[in-house]
file protein-v3.cif (mmCIF, C-alpha atoms)
data_final
#
loop_
_atom_site.label_atom_id
_atom_site.label_comp_id
_atom_site.auth_asym_id
_atom_site.auth_seq_id
_atom_site.Cartn_x
_atom_site.Cartn_y
_atom_site.Cartn_z
CA MET A 1 42.63 -92.61 29.97
CA THR A 2 45.94 -92.10 28.23
CA MET A 3 48.78 -90.06 29.72
CA ARG A 4 48.25 -87.41 27.07
CA ALA A 5 44.58 -87.12 27.98
CA LEU A 6 45.45 -86.89 31.68
CA ILE A 7 47.96 -84.07 31.04
CA LEU A 8 45.45 -82.21 28.85
CA ALA A 9 42.74 -82.55 31.48
CA ALA A 10 45.09 -81.26 34.18
CA LEU A 11 46.05 -78.25 32.07
CA MET A 12 42.42 -77.44 31.34
CA ALA A 13 41.55 -77.68 35.04
CA ALA A 14 44.43 -75.35 35.90
CA ALA A 15 43.64 -72.81 33.15
CA PRO A 16 41.41 -70.51 35.26
CA ALA A 17 44.01 -70.29 38.03
CA LEU A 18 46.76 -69.67 35.48
CA ALA A 19 44.70 -66.89 33.90
CA VAL A 20 44.18 -65.22 37.29
CA ALA A 21 47.90 -65.53 38.05
CA GLN A 22 48.74 -63.98 34.67
CA GLU A 23 46.36 -61.07 35.31
CA ALA A 24 47.99 -60.45 38.68
CA LEU A 25 51.47 -60.56 37.12
CA ASP A 26 50.44 -58.17 34.33
CA ALA A 27 48.93 -55.77 36.88
CA ALA A 28 52.11 -55.85 38.99
CA MET A 29 54.30 -55.15 35.96
CA GLY A 30 51.87 -52.43 34.89
CA ARG A 31 52.11 -50.78 38.33
CA SER A 32 55.89 -50.52 37.97
CA LEU A 33 55.44 -48.80 34.59
CA PHE A 34 52.67 -46.58 35.98
CA GLU A 35 54.96 -45.40 38.78
CA ARG A 36 58.17 -45.27 36.75
CA ARG A 37 59.79 -41.85 36.36
CA TRP A 38 60.84 -41.85 32.70
CA THR A 39 64.13 -40.23 31.77
CA GLY A 40 66.07 -39.38 28.62
CA GLU A 41 65.96 -42.87 27.11
CA GLY A 42 62.25 -42.59 26.37
CA LEU A 43 61.02 -39.22 27.52
CA GLY A 44 60.09 -36.14 25.54
CA PRO A 45 61.70 -34.17 24.09
CA LEU A 46 58.77 -32.06 25.39
CA TYR A 47 56.58 -33.27 28.21
CA ASN A 48 54.42 -32.30 31.18
CA GLU A 49 55.19 -35.07 33.68
CA ARG A 50 57.65 -37.97 33.95
CA SER A 51 55.21 -40.60 35.22
CA CYS A 52 51.57 -41.60 35.27
CA ALA A 53 51.62 -41.52 39.07
CA ALA A 54 52.67 -37.86 39.07
CA CYS A 55 49.14 -36.97 37.95
CA HIS A 56 47.33 -40.02 39.35
CA LYS A 57 48.84 -40.76 42.75
CA ASP A 58 47.55 -44.19 43.79
CA GLY A 59 45.30 -44.03 40.74
CA GLY A 60 43.44 -40.98 41.99
CA PRO A 61 42.74 -37.55 40.45
CA ALA A 62 44.68 -34.28 40.48
CA ARG A 63 45.71 -32.82 43.84
CA PHE A 64 45.56 -29.12 44.70
CA VAL A 65 47.12 -26.73 47.18
CA THR A 66 45.43 -23.33 47.28
CA MET A 67 47.62 -20.40 48.27
CA PRO A 68 46.33 -17.48 50.38
CA ASP A 69 46.47 -15.20 47.31
CA GLY A 70 44.39 -17.64 45.23
CA GLY A 71 47.35 -19.22 43.44
CA LEU A 72 47.03 -22.92 42.67
CA ALA A 73 49.78 -25.51 42.97
CA ILE A 74 48.53 -28.57 41.13
CA ALA A 75 49.84 -32.10 40.74
CA GLY A 76 48.04 -33.44 37.72
CA ALA A 77 47.01 -30.68 35.33
CA VAL A 78 47.82 -29.58 31.78
CA VAL A 79 46.86 -26.61 29.64
CA ARG A 80 44.95 -27.38 26.46
CA LEU A 81 44.90 -24.97 23.52
CA GLY A 82 42.28 -24.44 20.88
CA ASP A 83 39.76 -22.20 19.22
CA ALA A 84 36.00 -22.70 19.29
CA THR A 85 36.20 -25.32 16.50
CA GLY A 86 38.91 -27.36 18.22
CA ARG A 87 41.81 -26.29 16.04
CA GLY A 88 45.01 -26.04 18.09
CA ASP A 89 47.71 -23.42 17.95
CA PRO A 90 49.72 -23.62 14.68
CA ARG A 91 52.98 -23.71 16.65
CA TYR A 92 52.14 -25.35 19.98
CA GLY A 93 49.43 -27.79 18.95
CA ILE A 94 46.63 -28.63 21.40
CA GLN A 95 48.67 -28.79 24.60
CA VAL A 96 51.38 -26.66 26.19
CA HIS A 97 54.44 -28.59 27.35
CA THR A 98 56.11 -27.08 30.39
CA HIS A 99 59.23 -29.30 30.50
CA GLY A 100 61.91 -30.42 28.07
CA ILE A 101 64.73 -32.94 28.20
CA ALA A 102 68.33 -31.71 28.43
CA GLY A 103 69.03 -29.30 25.61
CA VAL A 104 65.33 -28.73 24.80
CA SER A 105 63.57 -25.62 26.11
CA PRO A 106 60.03 -25.91 27.48
CA GLU A 107 57.33 -24.25 25.42
CA ALA A 108 55.91 -22.02 28.13
CA ALA A 109 55.55 -21.23 31.80
CA VAL A 110 52.07 -21.64 33.25
CA ASN A 111 50.41 -20.12 36.29
CA ALA A 112 46.88 -20.74 37.52
CA ARG A 113 44.91 -18.90 40.16
CA LEU A 114 41.39 -18.58 41.49
CA VAL A 115 39.61 -15.30 40.76
CA PRO A 116 36.22 -14.20 42.13
CA ALA A 117 33.27 -14.99 39.86
CA GLY A 118 30.45 -13.59 41.97
CA ASP A 119 27.97 -15.19 44.35
CA GLY A 120 30.80 -16.68 46.39
CA LEU A 121 32.14 -18.72 43.46
CA ALA A 122 35.57 -18.56 41.82
CA ARG A 123 36.83 -19.44 38.38
CA VAL A 124 40.34 -20.43 37.31
CA ALA A 125 42.44 -17.93 35.39
CA VAL A 126 45.33 -19.45 33.43
CA GLU A 127 48.37 -17.39 32.45
CA VAL A 128 50.50 -18.94 29.71
CA THR A 129 53.84 -17.22 29.08
CA PRO A 130 55.36 -18.72 25.92
CA LEU A 131 59.15 -18.95 25.91
CA GLY A 132 59.06 -18.55 22.13
CA GLU A 133 56.46 -17.13 19.78
CA PRO A 134 53.17 -15.91 21.31
CA LEU A 135 49.98 -17.93 21.03
CA SER A 136 48.04 -17.31 17.85
CA PRO A 137 45.06 -14.92 17.97
CA GLY A 138 41.81 -16.71 18.75
CA VAL A 139 43.50 -19.57 20.62
CA THR A 140 42.26 -20.08 24.18
CA ALA A 141 44.20 -21.72 27.00
CA SER A 142 42.16 -23.98 29.30
CA LEU A 143 43.25 -25.88 32.39
CA ARG A 144 42.38 -29.60 32.38
CA VAL A 145 42.87 -31.59 35.57
CA ALA A 146 43.50 -35.32 35.81
CA GLN A 147 40.48 -37.48 36.56
CA THR A 148 40.61 -40.59 38.70
CA ALA A 149 41.89 -43.74 37.02
CA ARG A 150 39.93 -45.98 39.40
CA THR A 151 36.78 -45.92 37.25
CA ALA A 152 38.59 -46.57 33.95
CA ALA A 153 37.94 -50.33 33.94
CA ALA A 154 34.23 -49.74 34.53
CA ILE A 155 34.08 -47.17 31.73
CA ASP A 156 35.81 -49.62 29.39
CA ARG A 157 33.08 -52.23 30.05
CA VAL A 158 30.20 -49.99 28.96
CA ASP A 159 28.20 -51.01 25.89
CA MET A 160 28.20 -47.66 24.11
CA ALA A 161 25.83 -48.83 21.35
CA ALA A 162 23.25 -49.86 23.93
CA LEU A 163 23.81 -46.61 25.80
CA ASP A 164 23.29 -44.64 22.59
CA ARG A 165 19.86 -46.21 22.25
CA LEU A 166 18.98 -44.61 25.59
CA SER A 167 20.16 -41.16 24.50
CA ASP A 168 17.88 -38.29 23.57
CA PRO A 169 20.01 -35.94 21.44
CA ARG A 170 16.98 -33.91 20.24
CA ASP A 171 15.27 -33.80 23.65
CA ALA A 172 12.23 -35.66 22.34
CA ASP A 173 10.79 -36.01 25.84
CA GLY A 174 11.06 -32.26 26.50
CA ASP A 175 12.90 -32.54 29.81
CA GLY A 176 15.66 -30.14 28.72
CA VAL A 177 18.34 -32.87 28.70
CA SER A 178 19.70 -33.79 25.26
CA GLY A 179 23.01 -35.57 25.76
CA ARG A 180 24.72 -37.41 22.94
CA VAL A 181 27.35 -40.11 22.57
CA ARG A 182 30.47 -38.84 20.79
CA TRP A 183 31.07 -40.98 17.70
CA PHE A 184 34.15 -41.27 15.50
CA ARG A 185 34.59 -43.09 12.19
CA ASP A 186 37.45 -45.53 11.78
CA GLY A 187 39.36 -46.20 8.55
CA ALA A 188 36.63 -48.54 7.33
CA GLY A 189 33.89 -46.00 8.00
CA ALA A 190 32.53 -47.81 11.05
CA LEU A 191 31.34 -45.80 14.04
CA VAL A 192 33.40 -46.02 17.24
CA ALA A 193 32.30 -44.27 20.44
CA GLY A 194 34.48 -42.01 22.55
CA ARG A 195 34.20 -42.56 26.28
CA PHE A 196 37.35 -41.33 28.08
CA GLY A 197 38.46 -37.78 28.81
CA TRP A 198 36.63 -34.58 29.67
CA ARG A 199 35.10 -34.53 26.18
CA ALA A 200 34.98 -38.27 25.45
CA GLY A 201 37.89 -37.93 23.04
CA GLN A 202 39.46 -41.35 23.69
CA LEU A 203 37.94 -44.62 22.54
CA SER A 204 39.17 -47.24 25.01
CA LEU A 205 41.38 -47.68 28.05
CA ASP A 206 44.34 -48.66 25.87
CA ASP A 207 43.74 -45.58 23.74
CA GLN A 208 43.57 -43.38 26.84
CA VAL A 209 46.85 -44.80 28.18
CA ALA A 210 48.62 -44.42 24.83
CA SER A 211 47.33 -40.87 24.44
CA ALA A 212 48.59 -39.89 27.91
CA PHE A 213 51.99 -41.39 27.18
CA ALA A 214 52.25 -39.50 23.90
CA LEU A 215 50.76 -36.15 24.80
CA ASP A 216 51.84 -35.81 28.44
CA MET A 217 55.23 -37.57 28.33
CA GLY A 218 56.24 -37.67 24.66
CA LEU A 219 56.33 -41.49 24.61
CA SER A 220 54.97 -42.76 21.32
CA SER A 221 53.45 -46.21 20.75
CA PRO A 222 51.72 -48.13 17.96
CA LEU A 223 48.44 -46.51 19.05
CA ARG A 224 50.03 -43.06 18.99
CA PRO A 225 52.86 -43.07 16.42
CA GLN A 226 55.71 -40.57 16.37
CA SER A 227 54.69 -36.93 15.98
CA HIS A 228 51.01 -37.76 16.41
CA GLY A 229 50.75 -37.03 20.12
CA ASP A 230 48.46 -34.04 19.51
CA CYS A 231 45.89 -36.01 17.51
CA THR A 232 42.47 -36.93 18.70
CA PRO A 233 41.62 -40.55 17.79
CA LEU A 234 40.83 -41.19 14.14
CA GLN A 235 41.35 -37.51 13.24
CA ALA A 236 42.52 -38.08 9.68
CA GLU A 237 43.72 -34.55 8.93
CA CYS A 238 45.92 -34.67 12.03
CA LEU A 239 47.30 -38.15 11.42
CA ALA A 240 48.27 -37.24 7.88
CA ALA A 241 51.15 -35.00 8.99
CA PRO A 242 53.15 -33.99 12.07
CA GLN A 243 51.83 -31.09 14.12
CA PRO A 244 53.33 -27.80 12.93
CA GLY A 245 56.08 -26.48 15.16
CA LYS A 246 56.37 -29.60 17.34
CA ALA A 247 59.77 -31.25 17.58
CA GLU A 248 60.02 -34.88 16.53
CA PHE A 249 59.85 -37.36 19.38
CA ALA A 250 63.41 -38.20 20.42
CA GLY A 251 62.61 -41.18 22.67
CA ARG A 252 62.10 -44.76 21.60
CA GLU A 253 58.65 -45.98 20.74
CA MET A 254 56.91 -47.94 23.47
CA SER A 255 55.60 -51.33 22.44
CA GLY A 256 51.92 -52.11 22.50
CA ASP A 257 52.70 -54.62 25.25
CA LEU A 258 53.78 -51.83 27.60
CA VAL A 259 50.55 -49.96 26.98
CA ALA A 260 48.61 -53.17 27.64
CA LEU A 261 50.48 -53.73 30.92
CA VAL A 262 49.69 -50.24 32.20
CA SER A 263 46.05 -50.84 31.21
CA ALA A 264 46.13 -54.10 33.17
CA PHE A 265 47.22 -52.22 36.30
CA VAL A 266 44.54 -49.56 35.80
CA ARG A 267 41.93 -52.30 35.40
CA SER A 268 43.07 -53.80 38.70
CA LEU A 269 42.13 -50.54 40.44
CA ASP A 270 38.48 -51.37 39.77
CA ALA A 271 38.60 -53.75 42.74
CA THR A 272 39.33 -50.81 45.07
CA VAL A 273 35.97 -49.15 44.31
CA ALA A 274 33.52 -51.02 46.53
CA PRO A 275 29.75 -50.37 46.22
CA PRO A 276 28.60 -47.42 48.36
CA ALA A 277 26.58 -47.96 51.51
CA ASP A 278 22.84 -48.19 50.88
CA ASP A 279 21.19 -44.77 51.25
CA ALA A 280 17.66 -44.94 49.87
CA ALA A 281 16.75 -41.46 51.09
CA GLY A 282 19.86 -39.92 49.48
CA ALA A 283 19.24 -41.80 46.23
CA ALA A 284 15.66 -40.53 46.17
CA LEU A 285 16.85 -36.94 46.58
CA PHE A 286 19.46 -37.50 43.86
CA ALA A 287 16.70 -38.56 41.46
CA ARG A 288 14.25 -35.89 42.65
CA ALA A 289 16.76 -33.13 41.92
CA GLY A 290 17.23 -34.46 38.39
CA CYS A 291 20.88 -35.44 38.92
CA ALA A 292 20.21 -38.99 37.72
CA ALA A 293 19.11 -37.73 34.29
CA CYS A 294 22.82 -37.46 33.35
CA HIS A 295 24.58 -39.17 36.25
CA LEU A 296 22.88 -42.52 35.57
CA PRO A 297 23.47 -44.89 38.48
CA GLU A 298 23.86 -47.81 36.05
CA VAL A 299 24.54 -48.11 32.32
CA PRO A 300 24.49 -51.17 30.01
CA ALA A 301 27.55 -53.44 30.07
CA MET A 302 29.02 -55.27 27.10
CA GLY A 303 27.79 -58.86 27.13
CA GLY A 304 24.82 -58.00 29.33
CA GLY A 305 24.29 -56.72 32.81
CA ALA A 306 25.07 -53.22 34.03
CA VAL A 307 27.99 -51.03 35.10
CA SER A 308 27.69 -48.69 38.08
CA LEU A 309 29.17 -45.33 37.09
CA TYR A 310 26.78 -42.52 37.97
CA SER A 311 27.43 -41.15 34.48
CA ASP A 312 25.96 -41.57 31.02
CA LEU A 313 29.37 -40.88 29.38
CA MET A 314 27.55 -38.50 27.01
CA LEU A 315 28.29 -34.95 25.97
CA HIS A 316 25.97 -32.31 27.41
CA ASP A 317 25.77 -28.56 26.88
CA MET A 318 26.60 -27.19 30.33
CA GLY A 319 26.09 -23.51 29.50
CA GLU A 320 28.33 -20.51 28.92
CA ALA A 321 29.54 -20.34 32.52
CA LEU A 322 31.45 -23.61 31.98
CA SER A 323 32.61 -22.80 28.44
CA ASP A 324 36.39 -22.77 28.15
CA GLY A 325 36.48 -21.31 24.64
CA ALA A 326 38.54 -24.26 23.39
CA GLY A 327 36.30 -26.81 21.73
CA GLU A 328 37.21 -30.00 19.93
CA PRO A 329 36.24 -31.19 16.44
CA ASP A 330 32.42 -31.52 16.49
CA VAL A 331 32.32 -30.57 20.19
CA ALA A 332 31.30 -27.07 21.29
CA PRO A 333 33.25 -25.25 24.04
CA THR A 334 30.17 -25.58 26.30
CA GLU A 335 29.92 -29.38 25.92
CA TRP A 336 31.40 -31.78 28.47
CA ARG A 337 31.16 -35.51 29.08
CA THR A 338 29.25 -36.34 32.27
CA ALA A 339 31.87 -36.96 34.95
CA PRO A 340 31.47 -40.37 36.66
CA LEU A 341 30.74 -40.03 40.39
CA ARG A 342 31.53 -43.65 41.21
CA GLY A 343 34.26 -43.90 43.85
CA LEU A 344 34.13 -40.19 44.68
CA ARG A 345 34.50 -40.91 48.39
CA LEU A 346 37.98 -42.38 47.88
CA ASP A 347 39.53 -39.01 47.05
CA ALA A 348 37.69 -36.63 49.36
CA GLY A 349 39.83 -34.13 51.25
CA ALA A 350 41.38 -30.69 51.14
CA SER A 351 43.49 -31.52 48.06
CA ARG A 352 40.44 -32.43 45.93
CA ARG A 353 38.67 -29.95 43.64
CA TYR A 354 36.00 -30.46 40.99
CA LEU A 355 35.09 -29.70 37.35
CA HIS A 356 37.42 -29.66 34.35
CA ASP A 357 39.70 -26.92 35.71
CA GLY A 358 39.30 -27.49 39.44
CA ARG A 359 37.36 -24.26 40.02
CA ALA A 360 34.92 -25.87 42.47
CA ALA A 361 36.15 -26.54 46.00
CA SER A 362 33.17 -28.73 46.86
CA VAL A 363 30.35 -30.78 45.36
CA ALA A 364 27.94 -27.96 46.22
CA GLU A 365 30.06 -25.43 44.28
CA ALA A 366 30.26 -27.80 41.31
CA ILE A 367 26.46 -28.04 41.25
CA ARG A 368 26.12 -24.26 41.36
CA TRP A 369 28.28 -24.02 38.20
CA HIS A 370 25.89 -26.31 36.29
CA GLY A 371 24.02 -24.52 33.50
CA GLY A 372 22.63 -25.31 30.06
CA GLU A 373 20.99 -28.73 30.14
CA ALA A 374 21.63 -28.93 33.90
CA SER A 375 19.97 -25.61 34.75
CA SER A 376 16.71 -27.19 35.91
CA SER A 377 18.55 -29.72 38.05
CA ARG A 378 20.58 -26.95 39.68
CA ALA A 379 17.36 -25.02 40.36
CA ARG A 380 15.78 -28.09 41.96
CA PHE A 381 18.84 -28.56 44.15
CA GLU A 382 18.71 -24.94 45.28
CA ALA A 383 14.98 -25.29 46.04
CA LEU A 384 15.59 -28.13 48.49
CA THR A 385 15.62 -27.47 52.19
CA GLU A 386 19.05 -27.00 53.73
CA ALA A 387 18.78 -30.41 55.40
CA ASP A 388 17.90 -32.11 52.11
CA ARG A 389 20.77 -30.35 50.31
CA ARG A 390 23.18 -31.63 52.95
CA ARG A 391 21.71 -35.12 52.61
CA LEU A 392 22.06 -35.05 48.82
CA ILE A 393 25.64 -33.79 48.97
CA GLY A 394 26.45 -36.47 51.56
CA PHE A 395 25.02 -39.11 49.23
CA VAL A 396 27.22 -37.94 46.34
CA GLU A 397 30.34 -37.68 48.51
CA ALA A 398 29.78 -41.26 49.72
CA LEU A 399 29.54 -42.82 46.25
#
call {"tool": "encode", "arguments": {"input": "protein-v3.cif", "output": "structure tokens"}}
result
Amino acid sequence: MTMRALILAALMAAAPALAVAQEALDAAMGRSLFERRWTGEGLGPLYNERSCAACHKDGGPARFVTMPDGGLAIAGAVVRLGDATGRGDPRYGIQVHTHGIAGVSPEAAVNARLVPAGDGLARVAVEVTPLGEPLSPGVTASLRVAQTARTAAAIDRVDMAALDRLSDPRDADGDGVSGRVRWFRDGAGALVAGRFGWRAGQLSLDDQVASAFALDMGLSSPLRPQSHGDCTPLQAECLAAPQPGKAEFAGREMSGDLVALVSAFVRSLDATVAPPADDAAGAALFARAGCAACHLPEVPAMGGGAVSLYSDLMLHDMGEALSDGAGEPDVAPTEWRTAPLRGLRLDAGASRRYLHDGRAASVAEAIRWHGGEASSSRARFEALTEADRRRLIGFVEAL
């Protein structure tokens, strides 16, 4: 064997180890960007937080402190704006920005509190006090809390086309569940599925990262060009022009490499979500109550196999009680993407709340808010014995 052949063979043998080393390096660099507190050289001019970690400490979801008077102090929440069709405010766009860089005034002050909703439940009331012009008539303000980033890699592996073939948008089987995959059309007219966000408005992990940089921190990138931070993906009418009333981004544009590095770190969090302990009795109750109709334990993976998510990543009508009045294009205010339950046990504690605005203090409260397509499942849960309800809740909390 010639020297050249020997060198080539050695490089080929070392390739897997080099790839693993490169992944680890990318994840480490991505962590530093994830935790970095951005300042004037790239931030804003309007923003909600200075870092990814401010909303996703250790990759987790929003954290809450509830005051005695019902006031909420939240690390990891924004206020979205819109009417029932998804059109944002003509001046403020689709999200209120509560901070500005030096010399730039924030758009509004925001306060959130829990108010009684009957039957021992509470809902979240959001007070937005604009520092400029008032919100336009018909525009609703809705609190949206950060979801965990630990399941993002798993979500990104899902074969959405295969999942769509399992959907039942017209409820052909008559079980009352009619979820649907949210599809977008790209520039060539091809269908691309949304999978990230409370309403499946982001297409991929990279897209989710770029959107958070643009909308939450004012950092543009090739995936979210300047002035397009308020756009949903592939929304042509939005991409055609800057949002009315929004200042131009003052910071430099992030490169696609920086977005990819943050995505690499988020993907590395997947290793922290170990499979839950086997609980056949709890799983049986989960299925018996109808929870598994939407919170599918496994969904198809790209390239074959399955992904454990306890979600179908589809939009479901959850009823008027969970309507926030602010829809999105082709998504009604009552529709929400099924929240993945995978890894729920990692963020249990007093600072954790549930549902899109954090109104539920426990898994049991979240279930009691379920309506629409989930009404029958909620009724089955309530019909269980107290011991079985505790067992089912314990199963969910241990996922």
call {"tool": "closest_residue", "arguments": {"input": "protein-v3.cif", "among": "A:Ala122, A:Gly218, A:Gly358, A:Leu261", "to": "Ile74 in chain A", "atoms": "all atoms listed in the file"}}
result
A:Gly358
call {"tool": "resolve_selection", "arguments": {"input": "protein-v3.cif", "expression": "the PyMOL selection byres ((chain A and resi 158) around 10)", "output": "number ranges by chain"}}
result
A: 153-157, 159-163, 195, 298-309, 312-313
call {"tool": "atom_distance", "arguments": {"input": "protein-v3.cif", "atom1": "CA of Asp83 in chain A", "atom2": "CA of Val128 in chain A"}}
result
15.4 Å
call {"tool": "residues_around", "arguments": {"input": "protein-v3.cif", "residues": "range 60-67 of chain A", "least_positions_apart": "2", "cutoff": "7 Å", "atoms": "all atoms listed in the file", "output": "PyMOL selection string"}}
result
chain A and resi 55-58+69-77+145-150+347+351-352
call {"tool": "resolve_selection", "arguments": {"input": "protein-v3.cif", "expression": "the PyMOL selection byres ((chain A and resi 179-183) around 7)", "output": "list in words"}}
result
Asp164, Ser167, Asp168, Pro169, Val177, Ser178, Phe184, Arg185, Leu191, Val192, Ala193, Gly194, Ala200, Met314, Leu315 and His316 of chain A
call {"tool": "residues_around", "arguments": {"input": "protein-v3.cif", "residues": "Ala108 in chain A", "least_positions_apart": "5", "cutoff": "10 Å", "atoms": "all atoms listed in the file", "output": "ChimeraX atom specification"}}
result
/A:92,96-99,127-134
call {"tool": "write_last_selection", "arguments": {"input": "protein-v3.cif", "atoms": "C-alpha atoms", "output": "PDB file, in the coordinates of the input"}}
result
ATOM      1  CA  TYR A  92      52.140 -25.350  19.980  1.00  0.00           C
ATOM      2  CA  VAL A  96      51.380 -26.660  26.190  1.00  0.00           C
ATOM      3  CA  HIS A  97      54.440 -28.590  27.350  1.00  0.00           C
ATOM      4  CA  THR A  98      56.110 -27.080  30.390  1.00  0.00           C
ATOM      5  CA  HIS A  99      59.230 -29.300  30.500  1.00  0.00           C
ATOM      6  CA  GLU A 127      48.370 -17.390  32.450  1.00  0.00           C
ATOM      7  CA  VAL A 128      50.500 -18.940  29.710  1.00  0.00           C
ATOM      8  CA  THR A 129      53.840 -17.220  29.080  1.00  0.00           C
ATOM      9  CA  PRO A 130      55.360 -18.720  25.920  1.00  0.00           C
ATOM     10  CA  LEU A 131      59.150 -18.950  25.910  1.00  0.00           C
ATOM     11  CA  GLY A 132      59.060 -18.550  22.130  1.00  0.00           C
ATOM     12  CA  GLU A 133      56.460 -17.130  19.780  1.00  0.00           C
ATOM     13  CA  PRO A 134      53.170 -15.910  21.310  1.00  0.00           C
TER      14      PRO A 134
END
call {"tool": "resolve_selection", "arguments": {"input": "protein-v3.cif", "expression": "the PyMOL selection byres ((chain A and resi 140) around 7)", "output": "list in words"}}
result
Leu81, Gly82, Asp83, Gly138, Val139, Ala141, Ser142, Gly325 and Ala326 of chain A
call {"tool": "atom_distance", "arguments": {"input": "protein-v3.cif", "atom1": "CA of Trp38 in chain A", "atom2": "CA of Ser268 in chain A"}}
result
22.2 Å
call {"tool": "atom_distance", "arguments": {"input": "protein-v3.cif", "atom1": "CA of His370 in chain A", "atom2": "CA of Asp330 in chain A"}}
result
21.5 Å
call {"tool": "closest_residue", "arguments": {"input": "protein-v3.cif", "among": "A:Trp369, A:Phe286, A:Tyr310, A:Phe213", "to": "Arg123 in chain A", "atoms": "all atoms listed in the file"}}
result
A:Trp369
call {"tool": "closest_residue", "arguments": {"input": "protein-v3.cif", "among": "A:Leu121, A:Arg144, A:Val259, A:Leu219", "to": "Phe34 in chain A", "atoms": "only C-alpha atoms"}}
result
A:Val259
call {"tool": "residues_around", "arguments": {"input": "protein-v3.cif", "residues": "Pro275 in chain A", "least_positions_apart": "2", "cutoff": "12 Å", "atoms": "only C-alpha atoms", "output": "list of chain:residue names"}}
result
A:Asp270, A:Ala271, A:Thr272, A:Val273, A:Ala277, A:Asp278, A:Asp279, A:Pro297, A:Val307, A:Ser308, A:Leu309, A:Tyr310, A:Leu341, A:Arg342, A:Gly343, A:Leu344, A:Arg345, A:Leu346, A:Ala398, A:Leu399
call {"tool": "closest_residue", "arguments": {"input": "protein-v3.cif", "among": "A:Glu382, A:Glu35, A:Asp206, A:Glu397", "to": "Gly290 in chain A", "atoms": "only C-alpha atoms"}}
result
A:Glu382
call {"tool": "residues_near_point", "arguments": {"input": "protein-v3.cif", "point": "(28.6, -28.5, 44.3)", "cutoff": "10 Å", "atoms": "all atoms listed in the file", "output": "ChimeraX atom specification"}}
result
/A:354-355,360-370,378,381,393,396
call {"tool": "axis_aligned_box", "arguments": {"input": "protein-v3.cif", "around": "range 256-265 of chain A", "padding_each_side": "3 Å", "output": "AutoDock Vina command-line options"}}
result
--center_x 49.9 --center_y -52.3 --center_z 29.4 --size_x 13.7 --size_y 10.7 --size_z 19.8
call {"tool": "residues_near_point", "arguments": {"input": "protein-v3.cif", "point": "(56.8, -49.7, 34.2)", "cutoff": "12 Å", "atoms": "only C-alpha atoms", "output": "VMD selection string"}}
result
chain A and resid 26 to 38 42 50 to 53 213 254 to 255 257 to 265
call {"tool": "closest_residue", "arguments": {"input": "protein-v3.cif", "among": "A:Gly88, A:Ala112, A:Ala152, A:Val209", "to": "Pro137 in chain A", "atoms": "all atoms listed in the file"}}
result
A:Gly88
